[in-house]
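Asker: Starting off with a structure, shown below.
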Amino acid sequence: MRHDFTNSSSLSYAEYDTVDKVLTVMFTSGKPYRYADVPREVYQELTEAKSAGKFFQQYIKAQYKVIQ
């Protein structure tokens, strides 16, 4: 599943792998980050957040492990 952020100054898009529970976040800088064991609900909340960048900083960045 992929969601494009058209009104975010920091996030370009997010992709979610429902089988492996991996969230990939692509920043507008072109740098991707992958996070392990992210519940589908967190991905859904990110896509619905008023500010995707703030939601990412508060609920994803420090909460989930970055993977290669």
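Ordered as shown in the structure tokens, chains take letters A, B, and onward, while each chain numbers its residues from 1 and ligands are numbered from 1 in the order shown.
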As a list in words, list the residues of range 6-63 of chain A assigned to alpha helix (DSSP H) by DSSP on the backbone atoms of this structure.
Answerer: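 Secondary structure check on range 6-63 of chain A, alpha helix (DSSP H): Arg40, Glu41, Val42, Tyr43, Gln44, Glu45, Leu46, Thr47, Glu48, Ala52, Gly53, Lys54 and Phe55 of chain A.
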Asker: Store the residues of this selection in a file with N, CA and C atoms, as a PDB file, in the first residue's frame.
Answerer:
ATOM      1  N   ARG A  40      -0.449  -1.873  11.250  1.00  0.00           N
ATOM      2  CA  ARG A  40      -1.175  -1.255  10.139  1.00  0.00           C
ATOM      3  C   ARG A  40      -1.916   0.010  10.581  1.00  0.00           C
ATOM      4  N   GLU A  41      -2.406   0.003  11.811  1.00  0.00           N
ATOM      5  CA  GLU A  41      -3.148   1.164  12.333  1.00  0.00           C
ATOM      6  C   GLU A  41      -2.268   2.415  12.376  1.00  0.00           C
ATOM      7  N   VAL A  42      -0.991   2.235  12.677  1.00  0.00           N
ATOM      8  CA  VAL A  42      -0.075   3.380  12.732  1.00  0.00           C
ATOM      9  C   VAL A  42       0.122   3.948  11.332  1.00  0.00           C
ATOM     10  N   TYR A  43       0.281   3.068  10.341  1.00  0.00           N
ATOM     11  CA  TYR A  43       0.372   3.521   8.947  1.00  0.00           C
ATOM     12  C   TYR A  43      -0.893   4.295   8.571  1.00  0.00           C
ATOM     13  N   GLN A  44      -2.042   3.756   8.911  1.00  0.00           N
ATOM     14  CA  GLN A  44      -3.309   4.412   8.578  1.00  0.00           C
ATOM     15  C   GLN A  44      -3.409   5.785   9.240  1.00  0.00           C
ATOM     16  N   GLU A  45      -3.012   5.871  10.500  1.00  0.00           N
ATOM     17  CA  GLU A  45      -3.049   7.157  11.206  1.00  0.00           C
ATOM     18  C   GLU A  45      -2.092   8.159  10.567  1.00  0.00           C
ATOM     19  N   LEU A  46      -0.930   7.676  10.114  1.00  0.00           N
ATOM     20  CA  LEU A  46       0.018   8.565   9.430  1.00  0.00           C
ATOM     21  C   LEU A  46      -0.613   9.144   8.177  1.00  0.00           C
ATOM     22  N   THR A  47      -1.281   8.306   7.396  1.00  0.00           N
ATOM     23  CA  THR A  47      -1.880   8.772   6.142  1.00  0.00           C
ATOM     24  C   THR A  47      -3.048   9.733   6.375  1.00  0.00           C
ATOM     25  N   GLU A  48      -3.648   9.672   7.547  1.00  0.00           N
ATOM     26  CA  GLU A  48      -4.798  10.527   7.854  1.00  0.00           C
ATOM     27  C   GLU A  48      -4.443  11.732   8.714  1.00  0.00           C
ATOM     28  N   ALA A  52       1.547  15.113   8.553  1.00  0.00           N
ATOM     29  CA  ALA A  52       2.254  13.835   8.477  1.00  0.00           C
ATOM     30  C   ALA A  52       3.644  13.927   9.096  1.00  0.00           C
ATOM     31  N   GLY A  53       4.325  15.038   8.893  1.00  0.00           N
ATOM     32  CA  GLY A  53       5.664  15.212   9.450  1.00  0.00           C
ATOM     33  C   GLY A  53       5.663  15.195  10.968  1.00  0.00           C
ATOM     34  N   LYS A  54       4.721  15.884  11.564  1.00  0.00           N
ATOM     35  CA  LYS A  54       4.625  15.903  13.031  1.00  0.00           C
ATOM     36  C   LYS A  54       4.236  14.532  13.569  1.00  0.00           C
ATOM     37  N   PHE A  55       3.319  13.864  12.899  1.00  0.00           N
ATOM     38  CA  PHE A  55       2.917  12.529  13.321  1.00  0.00           C
ATOM     39  C   PHE A  55       4.115  11.586  13.260  1.00  0.00           C
TER      40      PHE A  55
END
Asker: What is the distance, in Å and to one decimal place, between CA of Tyr16 in chain A and CA of Arg2 in chain A?
Answerer: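 Separating CA of Tyr16 in chain A from CA of Arg2 in chain A is a distance of 6.4 Å.
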Asker: Excluding same-chain residues fewer than 4 positions from Lys21 in chain A, what lies within 7 Å of it counting only C-alpha atoms, as a PyMOL selection string?
Answerer: chain A and resi 16-17+36-39
Asker: Report the distance between CA of Val66 in chain A and CA of Met26 in chain A in Å, rounded to one decimal place.
Answerer: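 About the pair CA of Val66 in chain A and CA of Met26 in chain A: they are 13.0 Å apart.
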Asker: Between CA of Val22 in chain A and CA of Tyr59 in chain A, measure the distance and give it in Å to one decimal.
Answerer: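 Computing it gives 15.0 Å between the two atoms.
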Asker: Could you check the closest approach to Thr24 in chain A for each of A:Ala62, A:His3, A:Ser10, A:Gln57 and tell me which residue wins, using only C-alpha atoms?
Answerer: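 Comparing A:Ala62, A:His3, A:Ser10, A:Gln57 against Thr24 in chain A, the winner is A:His3.
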Asker: Mind listing the strand (DSSP E or B) residues of range 3-64 of chain A, per DSSP on the backbone, as a ChimeraX atom specification?
Answerer: /A:3-4,11-17,22-27,32-35
Asker: Mind dumping the selected residues with N, CA and C atoms as a short mmCIF file (atom, residue, chain, number, x, y, z; two decimals), in the first residue's frame?
Answerer:
data_model
loop_
_atom_site.label_atom_id
_atom_site.label_comp_id
_atom_site.auth_asym_id
_atom_site.auth_seq_id
_atom_site.Cartn_x
_atom_site.Cartn_y
_atom_site.Cartn_z
N HIS A 3 0.94 5.65 -0.02
CA HIS A 3 0.21 6.91 0.13
C HIS A 3 1.16 8.05 -0.19
N ASP A 4 0.77 8.91 -1.14
CA ASP A 4 1.57 10.09 -1.49
C ASP A 4 1.10 11.27 -0.65
N LEU A 11 7.64 14.87 4.07
CA LEU A 11 7.43 13.51 3.60
C LEU A 11 6.89 13.50 2.17
N SER A 12 7.47 12.65 1.35
CA SER A 12 7.02 12.51 -0.03
C SER A 12 5.94 11.44 -0.13
N TYR A 13 6.25 10.24 0.42
CA TYR A 13 5.25 9.17 0.44
C TYR A 13 5.60 8.16 1.52
N ALA A 14 4.63 7.28 1.79
CA ALA A 14 4.83 6.17 2.71
C ALA A 14 4.28 4.92 2.05
N GLU A 15 5.00 3.82 2.21
CA GLU A 15 4.54 2.52 1.72
C GLU A 15 4.49 1.57 2.90
N TYR A 16 3.49 0.70 2.88
CA TYR A 16 3.33 -0.25 3.97
C TYR A 16 3.20 -1.66 3.42
N ASP A 17 4.02 -2.56 3.95
CA ASP A 17 3.97 -3.97 3.60
C ASP A 17 3.15 -4.67 4.67
N VAL A 22 6.28 -3.74 7.52
CA VAL A 22 7.38 -2.79 7.32
C VAL A 22 6.82 -1.51 6.71
N LEU A 23 7.16 -0.39 7.34
CA LEU A 23 6.76 0.92 6.86
C LEU A 23 7.97 1.59 6.23
N THR A 24 7.84 2.00 4.97
CA THR A 24 8.89 2.76 4.30
C THR A 24 8.40 4.18 4.17
N VAL A 25 9.21 5.11 4.64
CA VAL A 25 8.89 6.53 4.57
C VAL A 25 9.93 7.20 3.67
N MET A 26 9.47 7.86 2.61
CA MET A 26 10.36 8.58 1.71
C MET A 26 10.25 10.06 2.02
N PHE A 27 11.37 10.65 2.32
CA PHE A 27 11.40 12.09 2.62
C PHE A 27 11.54 12.89 1.34
N PRO A 32 15.05 7.45 1.89
CA PRO A 32 14.03 6.55 2.45
C PRO A 32 14.49 5.95 3.78
N TYR A 33 13.53 5.68 4.63
CA TYR A 33 13.78 4.95 5.88
C TYR A 33 12.74 3.84 5.98
N ARG A 34 13.18 2.68 6.47
CA ARG A 34 12.29 1.53 6.64
C ARG A 34 12.21 1.21 8.13
N TYR A 35 10.99 0.99 8.60
CA TYR A 35 10.75 0.71 10.02
C TYR A 35 10.08 -0.64 10.17
#
